[in-house]
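What follows is query_1.cif (mmCIF, C-alpha atoms).
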```cif
data_input
loop_
_atom_site.group_PDB
_atom_site.id
_atom_site.type_symbol
_atom_site.label_atom_id
_atom_site.label_comp_id
_atom_site.auth_asym_id
_atom_site.auth_seq_id
_atom_site.Cartn_x
_atom_site.Cartn_y
_atom_site.Cartn_z
ATOM 1 C CA MET K 1277 226.417 -32.138 129.559
ATOM 2 C CA SER K 1278 225.142 -33.489 126.498
ATOM 3 C CA ARG K 1279 223.512 -31.427 123.901
ATOM 4 C CA ARG K 1280 220.463 -32.575 122.132
ATOM 5 C CA THR K 1281 219.899 -31.714 118.534
ATOM 6 C CA HIS K 1282 216.513 -31.345 117.222
ATOM 7 C CA THR K 1283 216.137 -33.518 114.195
ATOM 8 C CA LYS K 1284 212.516 -32.846 113.493
ATOM 9 C CA LYS K 1285 212.026 -31.395 110.031
ATOM 10 C CA ARG K 1286 210.258 -28.146 109.704
ATOM 11 C CA THR K 1287 207.326 -28.244 107.411
ATOM 12 C CA THR K 1288 206.539 -25.443 105.009
ATOM 13 C CA PRO K 1289 203.018 -24.752 103.925
ATOM 14 C CA ALA K 1290 202.158 -26.560 100.772
ATOM 15 C CA VAL K 1291 201.781 -24.320 97.745
ATOM 16 C CA LYS K 1292 199.139 -25.403 95.381
ATOM 17 C CA PRO K 1293 200.258 -25.195 91.763
ATOM 18 C CA ASN K 1294 197.063 -23.454 90.599
ATOM 19 C CA ALA K 1295 196.980 -20.923 93.426
ATOM 20 C CA VAL K 1296 196.478 -17.322 92.303
ATOM 21 C CA ARG K 1297 198.626 -14.683 93.935
ATOM 22 C CA ALA K 1298 197.453 -11.139 94.244
ATOM 23 C CA VAL K 1299 199.090 -9.062 91.551
ATOM 24 C CA LEU K 1300 200.291 -5.597 92.441
ATOM 25 C CA PRO K 1301 199.538 -2.801 89.976
ATOM 26 C CA VAL K 1302 202.377 -1.978 87.628
ATOM 27 C CA ARG K 1303 203.358 1.657 87.197
ATOM 28 C CA PRO K 1304 203.171 2.756 83.553
ATOM 29 C CA THR K 1305 206.578 3.213 81.974
ATOM 30 C CA THR K 1306 205.539 6.417 80.180
ATOM 31 C CA SER K 1307 205.837 8.521 83.324
ATOM 32 C CA PRO K 1308 209.222 10.169 83.714
ATOM 33 C CA GLU K 1309 211.788 8.882 86.165
ATOM 34 C CA PHE K 1310 212.187 12.389 87.567
ATOM 35 C CA ILE K 1311 210.644 15.838 87.346
ATOM 36 C CA THR K 1312 212.711 18.839 86.290
ATOM 37 C CA GLU K 1313 212.711 22.267 87.871
ATOM 38 C CA GLN K 1314 211.404 23.722 84.597
ATOM 39 C CA GLN K 1315 208.360 21.428 84.759
ATOM 40 C CA MET K 1316 207.612 22.459 88.333
ATOM 41 C CA ALA K 1317 208.101 26.157 87.522
ATOM 42 C CA ALA K 1318 205.820 25.937 84.477
ATOM 43 C CA ALA K 1319 203.030 24.178 86.376
ATOM 44 C CA TYR K 1320 203.268 26.623 89.280
ATOM 45 C CA THR K 1321 203.405 29.726 87.049
ATOM 46 C CA ALA K 1322 200.500 28.435 84.928
ATOM 47 C CA ARG K 1323 198.427 27.969 88.062
ATOM 48 C CA LEU K 1324 199.234 31.531 89.215
ATOM 49 C CA ALA K 1325 198.356 32.924 85.764
ATOM 50 C CA GLU K 1326 195.007 31.070 85.848
ATOM 51 C CA LEU K 1327 195.894 29.082 82.737
ATOM 52 C CA PRO K 1328 194.361 25.600 82.297
ATOM 53 C CA HIS K 1329 195.402 23.322 85.151
ATOM 54 C CA LEU K 1330 197.836 20.721 83.932
ATOM 55 C CA PRO K 1331 199.771 18.201 86.017
ATOM 56 C CA ILE K 1332 203.506 18.705 86.350
ATOM 57 C CA THR K 1333 204.187 15.651 84.194
ATOM 58 C CA ALA K 1334 202.147 17.170 81.309
ATOM 59 C CA TRP K 1335 204.958 19.697 80.795
ATOM 60 C CA THR K 1336 207.482 17.983 78.526
ATOM 61 C CA PRO K 1337 211.096 19.228 78.534
ATOM 62 C CA GLN K 1338 212.317 20.467 75.146
ATOM 63 C CA PRO K 1339 215.912 20.418 73.826
ATOM 64 C CA ASN K 1340 216.173 24.225 74.010
ATOM 65 C CA GLY K 1341 215.561 24.282 77.784
ATOM 66 C CA THR K 1342 211.864 25.180 77.651
ATOM 67 C CA VAL K 1343 208.910 22.956 78.560
ATOM 68 C CA ARG K 1344 205.758 22.417 76.500
ATOM 69 C CA ALA K 1345 202.269 21.175 77.348
ATOM 70 C CA HIS K 1346 199.493 20.285 74.914
ATOM 71 C CA LEU K 1347 195.881 21.225 75.611
ATOM 72 C CA ALA K 1348 192.918 19.214 74.360
ATOM 73 C CA ASN K 1349 191.887 21.740 71.674
ATOM 74 C CA GLY K 1350 195.159 21.598 69.706
ATOM 75 C CA ILE K 1351 196.797 24.514 71.510
ATOM 76 C CA SER K 1352 200.191 24.019 73.051
ATOM 77 C CA LEU K 1353 201.824 26.218 75.663
ATOM 78 C CA THR K 1354 205.561 26.735 75.904
ATOM 79 C CA HIS K 1355 207.098 28.040 79.113
ATOM 80 C CA ALA K 1356 210.488 29.720 79.129
ATOM 81 C CA PRO K 1357 212.033 31.947 81.812
ATOM 82 C CA ALA K 1358 210.636 34.942 79.889
ATOM 83 C CA GLY K 1359 207.042 33.656 80.132
ATOM 84 C CA PHE K 1360 204.473 31.644 78.205
ATOM 85 C CA THR K 1361 203.931 31.388 74.448
ATOM 86 C CA ALA K 1362 200.697 29.985 73.033
ATOM 87 C CA HIS K 1363 200.921 28.002 69.784
ATOM 88 C CA THR K 1364 197.369 28.219 68.430
ATOM 89 C CA PRO K 1365 196.345 26.424 65.225
ATOM 90 C CA CYS K 1366 195.072 28.586 62.375
ATOM 91 C CA PRO K 1367 192.337 27.473 59.936
ATOM 92 C CA ASN K 1368 194.833 28.138 57.120
ATOM 93 C CA GLY K 1369 197.214 25.449 58.349
ATOM 94 C CA ALA K 1370 199.748 27.536 60.290
ATOM 95 C CA HIS K 1371 200.319 28.028 64.026
ATOM 96 C CA HIS K 1372 200.260 31.465 65.630
ATOM 97 C CA HIS K 1373 202.921 32.067 68.287
ATOM 98 C CA THR K 1374 201.528 34.566 70.788
ATOM 99 C CA PRO K 1375 203.132 35.603 74.085
ATOM 100 C CA ILE K 1376 200.594 35.296 76.906
ATOM 101 C CA THR K 1377 200.544 36.140 80.596
ATOM 102 C CA ASN K 1378 197.077 35.005 81.723
ATOM 103 C CA SER K 1379 193.929 33.154 80.679
ATOM 104 C CA HIS K 1380 192.478 36.303 79.067
ATOM 105 C CA ASP K 1381 195.505 36.536 76.733
ATOM 106 C CA LEU K 1382 195.093 32.835 75.895
ATOM 107 C CA ARG K 1383 191.428 33.371 74.932
ATOM 108 C CA ASN K 1384 192.392 36.389 72.778
ATOM 109 C CA ALA K 1385 195.137 34.399 71.041
ATOM 110 C CA THR K 1386 192.736 31.520 70.349
ATOM 111 C CA THR K 1387 190.085 33.879 68.956
ATOM 112 C CA ALA K 1388 192.591 35.755 66.781
ATOM 113 C CA ALA K 1389 193.923 32.511 65.307
ATOM 114 C CA ALA K 1390 190.408 31.190 64.656
ATOM 115 C CA HIS K 1391 189.500 34.336 62.674
ATOM 116 C CA CYS K 1392 192.785 34.547 60.741
ATOM 117 C CA THR K 1393 192.445 35.249 57.001
ATOM 118 C CA ASP K 1394 196.169 35.348 56.192
ATOM 119 C CA LEU K 1395 197.247 32.590 53.799
ATOM 120 C CA HIS K 1396 200.690 32.246 55.438
ATOM 121 C CA GLY K 1397 202.429 31.720 52.087
ATOM 122 C CA GLN K 1398 199.986 29.122 50.789
ATOM 123 C CA ALA K 1399 198.366 29.239 47.382
ATOM 124 C CA ARG K 1400 194.975 30.923 47.412
ATOM 125 C CA THR K 1401 191.975 28.775 46.565
ATOM 126 C CA LEU K 1402 189.454 30.650 44.416
ATOM 127 C CA THR K 1403 185.743 30.061 44.135
ATOM 128 C CA LEU K 1404 184.385 29.322 40.645
ATOM 129 C CA HIS K 1405 183.056 32.877 40.382
ATOM 130 C CA GLN K 1406 186.424 34.390 41.384
ATOM 131 C CA ALA K 1407 188.228 32.107 38.933
ATOM 132 C CA ALA K 1408 185.921 33.145 36.047
ATOM 133 C CA ILE K 1409 186.497 36.857 36.740
ATOM 134 C CA THR K 1410 190.257 36.328 37.028
ATOM 135 C CA ALA K 1411 190.340 34.356 33.762
ATOM 136 C CA GLU K 1412 188.305 37.071 32.016
ATOM 137 C CA ASP K 1413 190.686 39.786 33.247
ATOM 138 C CA THR K 1414 193.741 37.930 32.004
ATOM 139 C CA GLN K 1415 192.627 37.120 28.442
ATOM 140 C CA GLN K 1416 195.004 38.110 25.691
ATOM 141 C CA LEU K 1417 194.220 41.274 23.743
ATOM 142 C CA SER K 1418 194.207 41.376 19.976
ATOM 143 C CA ARG K 1419 196.262 43.960 18.074
ATOM 144 C CA ASP K 1420 193.067 45.843 17.191
ATOM 145 C CA ASP K 1421 192.100 46.109 20.890
ATOM 146 C CA ILE K 1422 195.526 47.473 21.744
ATOM 147 C CA ASP K 1423 195.396 50.051 18.902
ATOM 148 C CA ALA K 1424 191.884 51.069 19.920
ATOM 149 C CA GLY K 1425 193.064 51.572 23.505
ATOM 150 C CA LEU K 1426 196.036 53.662 22.404
ATOM 151 C CA THR K 1427 193.961 55.925 20.148
ATOM 152 C CA ALA K 1428 191.094 56.452 22.555
ATOM 153 C CA THR K 1429 189.737 59.989 22.197
ATOM 154 C CA ASP K 1430 188.234 60.283 25.645
ATOM 155 C CA GLU K 1431 191.493 61.563 27.098
ATOM 156 C CA GLN K 1432 192.045 65.287 27.061
ATOM 157 C CA PRO K 1433 195.520 66.791 27.148
ATOM 158 C CA LYS K 1434 196.303 68.391 30.460
ATOM 159 C CA GLU K 1435 198.194 71.584 31.038
ATOM 160 C CA HIS K 1436 201.603 71.423 32.582
ATOM 161 C CA PRO K 1437 201.399 72.640 36.175
ATOM 162 C CA THR K 1438 203.203 75.908 36.849
ATOM 163 C CA SER K 1439 205.115 76.367 39.950
#
```
As structure tokens, what does this structure read like?
Amino acid sequence: MSRRTHTKKRTTPAVKPNAVRAVLPVRPTTSPEFITEQQMAAAYTARLAELPHLPITAWTPQPNGTVRAHLANGISLTHAPAGFTAHTPCPNGAHHHTPITNSHDLRNATTAAAHCTDLHGQARTLTLHQAAITAEDTQQLSRDDIDAGLTATDEQPKEHPTS
């Protein structure tokens, strides 16, 4: 028996040099490689507490073991095993840290921060009218004004109280 070998060359389809291949979408590299249990717990607990719905990947792990998500209005929520804390911006430049348990608490924290009048250690800015009154109250007194104040006759001596 003789064996025949097939010597015919196989032909491959010709590839045109200018042919366009379909390009598959590329996944953005900003999404995390994995999701932590803290992220899942925060998203689930936020949904149960009727807080704003955020995707699991919106909760960013922090070095202290908590996770934080930022809302569109400048508020950020931190989730720890003890619960949520709202970080609400204050018009005076600080952030209020308020423990919250539901959406009602979040609204109250936002409202309280928006109406805050505390300066949080910052210098107070006076209006022109307030500055004029303050400057008038702090003018130096002359020696005559001091003597006149010490010798004022409108004060009457008072009796010593008896017990």
(message) Using Å and a single decimal, report how far CA of Ala1389 (chain K) sits from CA of His1363 (chain K).
(response) 9.5 Å
Around all of region 1387-1394 of chain K's listed atoms, make the axis-aligned box with 3 Å on each side and tell me centre and edge lengths in Å to one decimal, as lines of an AutoDock Vina configuration file.
```
center_x = 192.8
center_y = 33.5
center_z = 62.6
size_x = 12.7
size_y = 10.6
size_z = 18.8
```
(message) What's around region 1364-1373 of chain K at 8 Å? Count only C-alpha atoms, leave out sequence neighbours fewer than 3 positions away in its own chain, and write the answer as a PyMOL selection string.
(response) chain K and resi 1350-1352+1361+1385-1386+1389-1396
(request) One decimal, Å: what's the distance from CA of Leu1426 (chain K) over to CA of Ile1409 (chain K), could you say? (result) 24.1 Å
(request) Take CA of Ala1408 (chain K) and CA of Asp1423 (chain K) and report the distance between them in Å, one decimal. (result) 25.9 Å
(message) Need the shell around region 1332-1343 of chain K: protein/DNA/RNA residues with any atom at most 6 Å away, counting all atoms listed in the file. Skip same-chain ones fewer than 3 positions apart. Format as a PyMOL selection string?
(response) chain K and resi 1315-1316+1319+1354-1356
(request) Name the residues in contact with Leu1330 (chain K) at a cut-off of 10 Å, using all atoms listed in the file, excluding same-chain residues fewer than 6 positions from it; report them as an MDAnalysis selection string. (result) chainID K and resid 1318:1320 1322:1323 1345:1347
(message) When you count only C-alpha atoms, which of these residues is closest to Ile1376 (chain K): K:Thr1321, K:Gln1415, K:Gln1398, K:Thr1312?
(response) K:Thr1321
